Every structure is written in structure tokens, then in C-alpha cells.
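Trainee: Have a look at this one.
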Amino acid sequence: MAECPLRGEEVTDHPDRLWAWDKFVYLDEKQRAWLPLTIEIEDRLRVLLRQEDILLGNPMTPSQIGPSLLPILWQLYPDGRYRSSDSSFWRLVYHIKASIDGVEDMLLELLPDD
């Protein structure tokens, strides 16, 4: 993984799966909520996912969520990449836990098609 510009401890226990709960929340297998922030820099799509304790609303179906730049599901592969529900691959740029408040941030970057 690349050097992270933020201060914090590197996390090696990454979520196995992230499912879209609603338009702005993903849940992992431990029922932790991750809030996505989509970033597009120089034609590269990235998403910053921040783990937050929030009050969850009702789950939404994919048709209720509607079109999005982000997938409905990410699944961790053994090589440290995530594969999304549309079969694209995302590189895990970094996954850190802030030393002050313990908040986890994970940055994924969409890889170009081979």
C-alpha cells in the first residue's frame, strides 16, 4: 500500500465485504457503517470510506438506490484488492485508524480494465 498522507496507524484487518445499505451508507460483515466520499482526480475514480457509528435507517434495494458511480457490493480478494458487484477491481490505497479518535478511513481506487 502507498504511504498515507494522514497520521494514524495502518490497519491490516480490512472488511471482507461492504454492502450498500442505502445511498450513502455501506455495511461490513461486522455491521459497521462506512460512509463513502467519491473523489475523481485526473480521470481516476476514488472513494474514501470512513467508518462511523450512525443510526441506520431502513435498508434500500438496488433499484431504490438507483444509478451510482459506486457499486452495490465490494468483496475483498486475497491479493488485497476489492472486486465490486460490476466485476471491476479496486486497489486498496490505504486503511488507517486515527490515533486520536479511533476513526477508520479506507481509500479505494478504481483500477483500469485490463
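Chain labels A, B, ... are given in the sequence in which chains occur in the C-alpha cells; within each chain residues are numbered consecutively from 1, and ligands are likewise numbered from 1 in the order shown.
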Can you pull out the residues contacting Asp53 in chain A? Cut-off 9 Å, using only C-alpha atoms, and skip same-chain residues under 2 positions away; I want them as a list of chain:residue names.
Mentor: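 Selected residues are A:Arg32, A:Ala33, A:Trp34, A:Gln51, A:Leu55.
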Trainee: Could you pull the residues within 8 Å of range 71-86 of chain A, counting only C-alpha atoms, minus those fewer than 3 positions along the same chain, as JSON, numbers by chain?
Mentor: {"A": [14, 15, 16, 17, 18, 19, 20, 62, 68, 89, 90, 91, 92]}
Trainee: Could you write out the selected residues, including C-alpha atoms, as a compact mmCIF listing (two decimals), in the first residue's frame?
Mentor:
```txt
# COMPACT_ATOMS: atom_id res chain seq x y z
CA HIS A 14 -9.88 -4.97 6.22
CA PRO A 15 -13.62 -5.57 5.79
CA ASP A 16 -14.31 -8.77 3.81
CA ARG A 17 -17.43 -7.27 2.26
CA LEU A 18 -19.09 -3.89 2.03
CA TRP A 19 -22.79 -3.85 1.07
CA ALA A 20 -24.78 -0.76 0.14
CA PRO A 62 -30.52 -1.70 -5.54
CA SER A 68 -24.36 5.44 -8.94
CA PHE A 89 -11.33 -4.18 -9.33
CA TRP A 90 -10.44 -1.52 -6.80
CA ARG A 91 -7.00 -1.04 -5.29
CA LEU A 92 -6.77 -0.51 -1.55
```
Trainee: Hey, can you check how far CA of Ser87 in chain A sits from CA of Asn58 in chain A?
Mentor: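 Separation between CA of Ser87 in chain A and CA of Asn58 in chain A: 26.7 Å.
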Trainee: Taking only C-alpha atoms into account, produce a table as JSON lines in which each residue of range 2-90 of chain A with an atom at most 7 Å from an atom of range 102-114 of chain A appears once, together with its shortest atom pair and the distance in Å to one decimal, ordered by chain and rising number.
Mentor:
```
{"residue": "A:Arg44", "atom": "CA", "partner": "A:Leu110", "partner_atom": "CA", "distance": 6.9}
{"residue": "A:Leu45", "atom": "CA", "partner": "A:Leu110", "partner_atom": "CA", "distance": 5.6}
{"residue": "A:Arg46", "atom": "CA", "partner": "A:Glu109", "partner_atom": "CA", "distance": 4.3}
{"residue": "A:Val47", "atom": "CA", "partner": "A:Leu108", "partner_atom": "CA", "distance": 5.3}
{"residue": "A:Leu48", "atom": "CA", "partner": "A:Leu107", "partner_atom": "CA", "distance": 4.5}
{"residue": "A:Leu49", "atom": "CA", "partner": "A:Met106", "partner_atom": "CA", "distance": 5.1}
{"residue": "A:Arg50", "atom": "CA", "partner": "A:Asp105", "partner_atom": "CA", "distance": 4.5}
{"residue": "A:Gln51", "atom": "CA", "partner": "A:Glu104", "partner_atom": "CA", "distance": 5.3}
{"residue": "A:Phe89", "atom": "CA", "partner": "A:Leu111", "partner_atom": "CA", "distance": 5.7}
{"residue": "A:Trp90", "atom": "CA", "partner": "A:Leu110", "partner_atom": "CA", "distance": 4.4}
```
Trainee: DSSP on the backbone: what in chain A comes out strand (DSSP E), as a ChimeraX atom specification?
Mentor: /A:9-10,17-22,25-28,33-41,44-52,73-76,81-84,89-97,104-110
Trainee: I need the residue nearest Thr61 in chain A from this list: A:Asp22, A:Asp101, A:Glu40, A:Asp13. Use only C-alpha atoms for the distance.
Mentor: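 The shortest atom-to-atom distance to Thr61 in chain A comes from A:Asp22.
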Trainee: In Å, rounded to a single decimal, give me how far CA of Ile96 in chain A is from CA of Glu52 in chain A.
Mentor: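 CA of Ile96 in chain A lies at a distance of 13.5 Å from CA of Glu52 in chain A.
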Trainee: Step one, run DSSP on the backbone; step two, keep only residues of chain A assigned to alpha helix (DSSP H); then write them as a list in words.
Mentor: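 For chain A, the alpha helix (DSSP H) set is Pro62, Ser63, Gln64 and Ile65 of chain A.
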Trainee: Keeping only all heavy atoms, write the selected residues to a file as an mmCIF file, in the first residue's frame.
Mentor:
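In the end it all went to part-v2.cif:
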```
data_model
loop_
_atom_site.group_PDB
_atom_site.id
_atom_site.type_symbol
_atom_site.label_atom_id
_atom_site.label_comp_id
_atom_site.auth_asym_id
_atom_site.auth_seq_id
_atom_site.Cartn_x
_atom_site.Cartn_y
_atom_site.Cartn_z
ATOM 1 N N PRO A 62 -31.297 -2.345 -4.471
ATOM 2 C CA PRO A 62 -30.522 -1.704 -5.539
ATOM 3 C C PRO A 62 -31.362 -0.790 -6.442
ATOM 4 O O PRO A 62 -30.897 0.271 -6.848
ATOM 5 C CB PRO A 62 -29.938 -2.887 -6.309
ATOM 6 C CG PRO A 62 -29.803 -3.957 -5.269
ATOM 7 C CD PRO A 62 -31.014 -3.776 -4.384
ATOM 8 N N SER A 63 -32.594 -1.188 -6.715
ATOM 9 C CA SER A 63 -33.427 -0.342 -7.581
ATOM 10 C C SER A 63 -33.817 0.961 -6.870
ATOM 11 O O SER A 63 -33.976 1.997 -7.523
ATOM 12 C CB SER A 63 -34.673 -1.094 -8.048
ATOM 13 O OG SER A 63 -35.459 -1.480 -6.952
ATOM 14 N N GLN A 64 -33.933 0.942 -5.556
ATOM 15 C CA GLN A 64 -34.230 2.165 -4.809
ATOM 16 C C GLN A 64 -33.000 3.072 -4.747
ATOM 17 O O GLN A 64 -33.128 4.290 -4.754
ATOM 18 C CB GLN A 64 -34.671 1.837 -3.384
ATOM 19 C CG GLN A 64 -36.039 1.210 -3.284
ATOM 20 C CD GLN A 64 -36.347 0.758 -1.873
ATOM 21 O OE1 GLN A 64 -35.531 0.109 -1.229
ATOM 22 N NE2 GLN A 64 -37.531 1.112 -1.385
ATOM 23 N N ILE A 65 -31.823 2.464 -4.693
ATOM 24 C CA ILE A 65 -30.589 3.254 -4.649
ATOM 25 C C ILE A 65 -30.374 3.971 -5.978
ATOM 26 O O ILE A 65 -29.975 5.119 -6.021
ATOM 27 C CB ILE A 65 -29.389 2.362 -4.285
ATOM 28 C CG1 ILE A 65 -29.530 1.911 -2.822
ATOM 29 C CG2 ILE A 65 -28.068 3.075 -4.515
ATOM 30 C CD1 ILE A 65 -28.523 0.884 -2.382
#
```
Trainee: With only C-alpha atoms as the atoms that count, which of A:Ile100, A:Leu27, A:Val11, A:Val93 lies nearest to Leu56 in chain A?
Mentor: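 Answer, going by the shortest atom-to-atom distance: A:Leu27.
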Trainee: At what distance in Å, to one decimal, does CA of Glu9 in chain A lie from CA of Lys23 in chain A?
Mentor: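 Spanning CA of Lys23 in chain A to CA of Glu9 in chain A is a straight-line distance of 29.0 Å.
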Trainee: For a quick check of understanding, using only C-alpha atoms, which of A:Ser99, A:Ile39, A:Pro59, A:Ser88 has the smallest distance to Phe24 in chain A?
Mentor: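 Going through A:Ser99, A:Ile39, A:Pro59, A:Ser88 one by one, the smallest distance to Phe24 in chain A is for A:Pro59.
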